[in-house]
>>> print(open('query00.txt').read())   # compact mmCIF, C-alpha atoms and all ligand atoms
# COMPACT_ATOMS: atom_id res chain seq x y z
CA MET A 17 2.29 7.05 18.25
CA LYS A 18 4.57 5.20 15.82
CA GLN A 19 5.85 1.70 16.59
CA GLU A 20 9.29 0.84 15.21
CA ILE A 21 9.62 -2.65 13.68
CA LEU A 22 13.04 -3.52 12.23
CA GLY A 23 13.80 0.11 11.39
CA VAL A 24 10.39 0.99 9.91
CA ASN A 25 7.89 3.09 11.89
CA PHE A 26 4.29 1.83 11.83
CA ASP A 27 1.06 3.46 12.96
CA ASN A 28 -0.54 1.23 15.56
CA LEU A 29 -4.19 1.41 14.45
CA THR A 30 -7.19 -0.82 13.90
CA ARG A 31 -8.74 -0.81 10.41
CA GLU A 32 -11.45 1.60 11.60
CA GLU A 33 -8.91 3.96 13.19
CA ALA A 34 -6.80 3.85 10.02
CA ALA A 35 -9.89 4.69 7.94
CA ARG A 36 -10.66 7.69 10.19
CA ALA A 37 -7.03 8.87 9.98
CA GLY A 38 -7.09 8.47 6.17
CA ALA A 39 -10.37 10.39 5.94
CA ARG A 40 -8.77 13.28 7.86
CA LEU A 41 -5.85 13.32 5.40
CA LEU A 42 -8.29 13.39 2.49
CA GLU A 43 -10.01 16.42 4.07
CA GLU A 44 -6.84 18.47 4.40
CA ASP A 45 -5.93 20.56 1.38
CA ARG A 46 -2.31 19.41 0.99
CA PHE A 47 -0.45 16.31 -0.19
CA HIS A 48 -0.12 13.22 2.02
CA TYR A 49 1.08 9.71 1.28
CA VAL A 50 0.40 6.36 2.88
CA VAL A 51 2.59 3.25 2.74
CA THR A 52 1.51 -0.34 3.41
CA PRO A 53 4.72 -2.27 4.22
CA ASN A 54 4.80 -6.06 4.29
CA PRO A 55 7.78 -8.20 5.44
CA GLU A 56 9.44 -7.88 2.01
CA PHE A 57 9.55 -4.10 2.52
CA LEU A 58 11.34 -4.55 5.87
CA LEU A 59 14.06 -6.68 4.29
CA ALA A 60 14.45 -4.25 1.38
CA ALA A 61 14.51 -1.18 3.65
CA GLU A 62 17.31 -2.69 5.69
CA LYS A 63 19.54 -2.60 2.61
CA ASP A 64 18.20 0.61 1.07
CA PRO A 65 18.40 3.63 3.42
CA ASP A 66 16.59 5.85 0.92
CA PHE A 67 13.63 3.43 0.86
CA ARG A 68 13.63 3.37 4.69
CA ARG A 69 13.64 7.18 4.81
CA VAL A 70 10.73 7.34 2.35
CA LEU A 71 8.75 4.80 4.40
CA ASN A 72 9.46 6.68 7.61
CA SER A 73 8.41 10.02 6.10
CA ALA A 74 4.92 8.76 5.20
CA ASP A 75 1.85 10.29 6.85
CA LEU A 76 0.59 6.80 7.66
CA ALA A 77 2.36 3.41 7.59
CA LEU A 78 -0.01 0.45 7.87
CA PRO A 79 1.13 -3.15 8.44
CA ASP A 80 -0.05 -5.01 5.34
CA GLY A 81 1.36 -8.47 6.09
CA ILE A 82 0.75 -10.89 8.95
CA GLY A 83 4.57 -11.25 9.09
CA VAL A 84 4.81 -7.63 10.27
CA VAL A 85 2.26 -8.29 13.01
CA TYR A 86 4.15 -11.42 14.13
CA SER A 87 7.48 -9.55 14.07
CA ALA A 88 5.97 -6.80 16.22
CA LYS A 89 4.76 -9.40 18.71
CA ILE A 90 8.14 -11.15 18.81
CA MET A 91 9.82 -7.79 19.42
CA GLY A 92 7.51 -7.17 22.38
CA ARG A 93 5.78 -4.23 20.63
CA PRO A 94 2.48 -5.74 19.52
CA LEU A 95 0.43 -3.95 16.87
CA LYS A 96 -3.35 -3.80 17.29
CA ALA A 97 -4.10 -5.27 13.88
CA ARG A 98 -2.99 -6.06 10.38
CA VAL A 99 -4.46 -3.42 8.06
CA PRO A 100 -4.31 -4.81 4.51
CA GLY A 101 -3.67 -2.15 1.88
CA ILE A 102 -6.68 -3.28 -0.14
CA GLU A 103 -9.04 -2.79 2.83
CA PHE A 104 -7.64 0.67 3.54
CA ALA A 105 -8.04 1.43 -0.20
CA GLU A 106 -11.69 0.34 -0.04
CA ASP A 107 -12.30 2.55 2.99
CA MET A 108 -10.76 5.54 1.18
CA LEU A 109 -12.91 4.83 -1.91
CA ALA A 110 -16.02 4.83 0.30
CA CYS A 111 -14.89 8.14 1.77
CA LEU A 112 -14.23 9.63 -1.69
CA ASP A 113 -17.61 8.34 -2.88
CA GLU A 114 -19.33 10.23 -0.04
CA ARG A 115 -17.79 13.52 -1.11
CA GLY A 116 -17.98 12.84 -4.86
CA GLY A 117 -14.22 13.16 -5.31
CA ARG A 118 -11.76 12.46 -8.12
CA LEU A 119 -9.65 9.28 -8.42
CA PHE A 120 -6.54 8.54 -10.51
CA LEU A 121 -5.21 4.98 -10.90
CA LEU A 122 -1.50 4.64 -11.65
CA GLY A 123 0.21 1.30 -12.23
CA ALA A 124 -0.04 -2.32 -13.39
CA ARG A 125 0.10 -3.68 -16.92
CA PRO A 126 -1.62 -1.78 -19.76
CA GLY A 127 -5.42 -2.10 -19.56
CA VAL A 128 -5.53 -3.19 -15.91
CA ALA A 129 -6.11 0.27 -14.37
CA GLU A 130 -8.99 0.93 -16.83
CA LYS A 131 -10.68 -2.37 -15.91
CA ALA A 132 -10.06 -1.73 -12.20
CA GLY A 133 -11.57 1.75 -12.64
CA GLU A 134 -14.68 0.32 -14.29
CA ASN A 135 -15.22 -2.11 -11.41
CA ILE A 136 -14.58 0.60 -8.80
CA LEU A 137 -17.14 2.93 -10.42
CA ALA A 138 -19.73 0.14 -10.40
CA ARG A 139 -19.35 -0.02 -6.61
CA TYR A 140 -18.75 3.68 -5.88
CA PRO A 141 -20.85 5.59 -8.44
CA ASN A 142 -20.23 9.10 -7.03
CA ILE A 143 -16.50 8.90 -7.73
CA THR A 144 -15.11 10.57 -10.86
CA LEU A 145 -12.37 8.47 -12.46
CA CYS A 146 -10.23 11.36 -13.68
CA GLY A 147 -7.43 9.28 -15.23
CA THR A 148 -5.46 6.05 -15.53
CA GLN A 149 -1.89 5.22 -16.51
CA ASP A 150 -0.12 1.87 -16.73
CA GLY A 151 2.97 1.30 -14.62
CA TYR A 152 5.47 0.52 -17.37
CA PHE A 153 6.45 4.05 -18.38
CA ARG A 154 9.90 5.44 -19.07
CA ASP A 155 9.53 9.13 -18.35
CA GLU A 156 8.47 9.89 -14.78
CA GLU A 157 7.94 13.58 -15.47
CA THR A 158 5.50 13.01 -18.35
CA VAL A 159 3.45 10.77 -16.09
CA LEU A 160 3.54 13.39 -13.35
CA LEU A 161 2.18 16.02 -15.77
CA LYS A 162 -0.61 13.64 -16.84
CA VAL A 163 -1.61 12.98 -13.21
CA ALA A 164 -1.47 16.68 -12.26
CA ALA A 165 -3.58 17.68 -15.30
CA ALA A 166 -6.28 15.22 -14.17
CA ARG A 167 -6.56 17.02 -10.76
CA PRO A 168 -7.17 13.94 -8.57
CA ASP A 169 -8.07 14.05 -4.88
CA LEU A 170 -7.07 10.42 -4.34
CA LEU A 171 -4.27 8.61 -6.17
CA PHE A 172 -3.50 4.88 -6.07
CA VAL A 173 0.15 4.22 -6.93
CA CYS A 174 0.62 0.54 -7.82
CA LEU A 175 4.14 0.12 -9.21
CA GLY A 176 5.47 -2.45 -6.74
CA ALA A 177 7.88 -1.55 -3.92
CA PRO A 178 10.11 0.43 -3.63
CA LYS A 179 9.27 2.11 -6.94
CA GLN A 180 5.80 3.25 -5.84
CA GLU A 181 6.97 4.71 -2.51
CA LYS A 182 9.88 6.53 -4.12
CA TRP A 183 7.57 7.87 -6.84
CA MET A 184 5.13 9.22 -4.22
CA ALA A 185 7.89 10.82 -2.15
CA ARG A 186 9.54 12.41 -5.17
CA TRP A 187 6.56 13.55 -7.27
CA GLY A 188 3.51 13.26 -5.02
CA ARG A 189 3.31 16.86 -3.85
CA HIS A 190 3.39 18.08 -7.47
CA THR A 191 0.33 16.01 -8.42
CA GLY A 192 -2.10 18.26 -6.54
CA ALA A 193 -3.65 15.14 -4.93
CA ARG A 194 -4.55 15.18 -1.25
CA LEU A 195 -3.79 11.54 -0.67
CA ALA A 196 -1.64 8.99 -2.50
CA ILE A 197 -1.44 5.37 -1.39
CA GLY A 198 1.21 2.83 -2.42
CA LEU A 199 -0.78 -0.34 -3.07
CA GLY A 200 1.33 -2.94 -4.93
CA GLY A 201 -0.82 -5.41 -6.84
CA VAL A 202 -4.17 -4.00 -5.73
CA LEU A 203 -5.23 -2.85 -9.23
CA ASP A 204 -4.93 -6.47 -10.40
CA VAL A 205 -7.38 -7.42 -7.63
CA PHE A 206 -9.82 -4.59 -8.43
CA ALA A 207 -9.59 -5.54 -12.12
CA GLY A 208 -10.56 -9.12 -11.22
CA ASN A 209 -7.29 -10.61 -12.57
CA VAL A 210 -6.10 -11.80 -9.14
CA GLU A 211 -8.43 -12.95 -6.38
CA ARG A 212 -7.96 -12.28 -2.70
CA ALA A 213 -7.81 -15.23 -0.29
CA PRO A 214 -11.22 -16.34 1.05
CA GLU A 215 -12.11 -14.81 4.42
CA SER A 216 -11.52 -18.11 6.25
CA TRP A 217 -7.86 -18.07 5.10
CA GLN A 218 -7.53 -14.37 5.94
CA LYS A 219 -8.86 -14.94 9.48
CA LEU A 220 -6.24 -17.64 10.07
CA GLY A 221 -3.50 -15.26 8.91
CA LEU A 222 -2.88 -17.48 5.88
CA GLU A 223 -3.44 -15.00 3.06
CA TRP A 224 0.25 -15.43 2.10
CA ALA A 225 -0.22 -19.23 1.81
CA TYR A 226 -3.25 -18.80 -0.44
CA ARG A 227 -1.25 -16.43 -2.63
CA LEU A 228 1.59 -18.94 -2.83
CA LYS A 229 -0.88 -21.65 -3.83
CA LYS A 230 -2.30 -19.46 -6.61
CA GLU A 231 1.03 -17.97 -7.73
CA PRO A 232 3.67 -20.68 -7.05
CA GLN A 233 6.21 -18.60 -9.01
CA ARG A 234 6.35 -16.40 -5.88
CA ALA A 235 8.02 -19.19 -3.89
CA GLY A 236 11.54 -17.80 -4.37
CA ARG A 237 10.46 -14.31 -3.30
CA MET A 238 8.51 -15.61 -0.31
CA ALA A 239 11.17 -18.03 0.91
CA ARG A 240 13.02 -15.12 2.51
CA LEU A 241 10.07 -13.98 4.57
CA PRO A 242 10.70 -16.11 7.70
CA LEU A 243 13.98 -14.20 7.86
CA VAL A 244 11.98 -11.21 9.12
CA LEU A 245 10.80 -13.23 12.12
CA VAL A 246 14.34 -14.41 12.82
CA LYS A 247 15.58 -10.82 12.68
CA ALA A 248 12.75 -9.71 14.99
CA ALA A 249 13.75 -12.42 17.49
CA GLY A 250 17.37 -11.27 17.22
CA GLU A 251 16.33 -7.68 18.03
CA ARG A 252 14.30 -8.84 21.01
CA PHE A 253 17.22 -10.69 22.54
CA LYS A 254 19.67 -7.89 21.77
CA LYS A 255 17.51 -5.66 23.95
N1 LIG E 301 4.25 -2.91 -11.66
C1 LIG E 301 4.21 -1.75 -12.42
N2 LIG E 301 5.37 -1.25 -12.89
C2 LIG E 301 6.58 -1.83 -12.67
C3 LIG E 301 6.61 -3.02 -11.86
C4 LIG E 301 5.41 -3.52 -11.37
O1 LIG E 301 3.15 -1.19 -12.64
O2 LIG E 301 7.58 -1.32 -13.14
C5 LIG E 301 2.99 -3.44 -11.13
C6 LIG E 301 2.68 -4.88 -11.41
O3 LIG E 301 2.08 -5.00 -12.69
C7 LIG E 301 1.72 -5.22 -10.28
C8 LIG E 301 2.16 -4.27 -9.15
O4 LIG E 301 3.04 -3.34 -9.75
O5 LIG E 301 0.41 -4.85 -10.65
C9 LIG E 301 2.98 -4.85 -8.01
O6 LIG E 301 2.95 -6.15 -7.94
P1 LIG E 301 3.68 -6.97 -6.80
O7 LIG E 301 3.21 -8.34 -6.95
O8 LIG E 301 5.14 -6.71 -6.82
O9 LIG E 301 3.13 -6.26 -5.48
P2 LIG E 301 2.43 -6.87 -4.21
O10 LIG E 301 1.10 -7.36 -4.66
O11 LIG E 301 3.34 -7.94 -3.69
O12 LIG E 301 2.33 -5.67 -3.31
>>> encode(input="query00.txt", output="structure tokens", more="lines below")
Ligand code: UDP
Amino acid sequence: MKQEILGVNFDNLTREEAARAGARLLEEDRFHYVVTPNPEFLLAAEKDPDFRRVLNSADLALPDGIGVVYSAKIMGRPLKARVPGIEFAEDMLACLDERGGRLFLLGARPGVAEKAGENILARYPNITLCGTQDGYFRDEETVLLKVAAARPDLLFVCLGAPKQEKWMARWGRHTGARLAIGLGGVLDVFAGNVERAPESWQKLGLEWAYRLKKEPQRAGRMARLPLVLVKAAGERFKK
């Protein structure tokens, strides 16, 4: 059952349940897409009805940020867990590795997807990396043709939000992939260019603070995030 948080419908799943649901989507011979909204998505979706529609049409919507989990709690609709996009991506790679499937990596600066692919193959040797494409292209249709020609089963779309979600909703079913996931900066992490917060920070729900420490230029972008909690409180009292 979906749980609505500030206009966006989330699947209320643990990481393991999300992995099982994702594995089922990867089994089915038709296109599916997964979104991993964080608080920035909620603020953007409020102002962009098309983005909200695309998020709410996804086969799975997983709460990527601790801010979403807190908002859900404030609204009196607690979610079981935060399911970071990168962890869901790792679970899907493990699943693809088991069946020896095909992976396409789309997004990030030139060279990043190739490096990410190399590191992924070192960990999941049964996967075939069927193609890569950087995320700074002009012609969406040419990229679609390249992805479709590579015949992927699993497609990571890492163009930043809302570009990646809109790309998946518009072109996804023409790629022939079974599962596409919108994953933001995850290719930078797989490539080793950006490190994830240590587990101790993650456990305290402070992954955002670690990111801010490492990338202080994000301060402006992140300053608006407490607004999500304020809006959640507003919704709670309205009801
Ligand atoms: N990106 C891209 N094409 C664009 C804009 C961004 O491929 O037109 C990439 C960018 O290089 C980065 C990722 O999209 O790898 C998204 O990064 P962001 O920090 O916005 O996402 P987050 O990590 O916050 O989800």
>>> residues_near_ligand(input="query00.txt", ligand="ligand LIG 301 (chain E)", cutoff="7 Å", atoms="only C-alpha atoms and all ligand atoms", output="number ranges by chain")
A: 123-125, 150-152, 174-177, 199-204
>>> atom_distance(input="query00.txt", atom1="atom CA of A:Glu20", atom2="atom CA of A:Trp224")
22.8 Å
>>> closest_residue(input="query00.txt", among="A:Glu130, A:Glu32, A:Asp27, A:Glu56", to="A:Ala239", atoms="only C-alpha atoms")
A:Glu56
>>> closest_residue(input="query00.txt", among="A:Gln19, A:Ser216, A:Thr191, A:Asn135", to="A:Leu78", atoms="all atoms listed in the file")
A:Gln19
>>> atom_distance(input="query00.txt", atom1="atom CA of A:Gln149", atom2="atom CA of A:Leu121")
6.5 Å
>>> atom_distance(input="query00.txt", atom1="atom CA of A:Met108", atom2="atom CA of A:Gly81")
19.2 Å
>>> closest_residue(input="query00.txt", among="A:Arg139, A:His190, A:Lys219, A:Lys18", to="A:Asn72", atoms="only C-alpha atoms")
A:Lys18
>>> closest_residue(input="query00.txt", among="A:Arg46, A:Lys254, A:Phe67, A:Ala74", to="A:Leu170", atoms="all atoms listed in the file")
A:Arg46
>>> closest_residue(input="query00.txt", among="A:Ile143, A:Met17, A:Val84, A:Leu71", to="A:Leu109", atoms="only C-alpha atoms")
A:Ile143
>>> closest_residue(input="query00.txt", among="A:Leu112, A:Leu122, A:Ala225, A:Ala97", to="A:Met238", atoms="all atoms listed in the file")
A:Ala225
>>> residues_around(input="query00.txt", residues="A:Pro141", least_positions_apart="5", cutoff="12 Å", atoms="all atoms listed in the file", output="ChimeraX atom specification")
/A:109-110,112-119,133-136
>>> residues_near_point(input="query00.txt", point="(5.9, -5.8, 6.4)", cutoff="8 Å", atoms="all atoms listed in the file", output="MDAnalysis selection string")
chainID A and resid 52:58 79:85
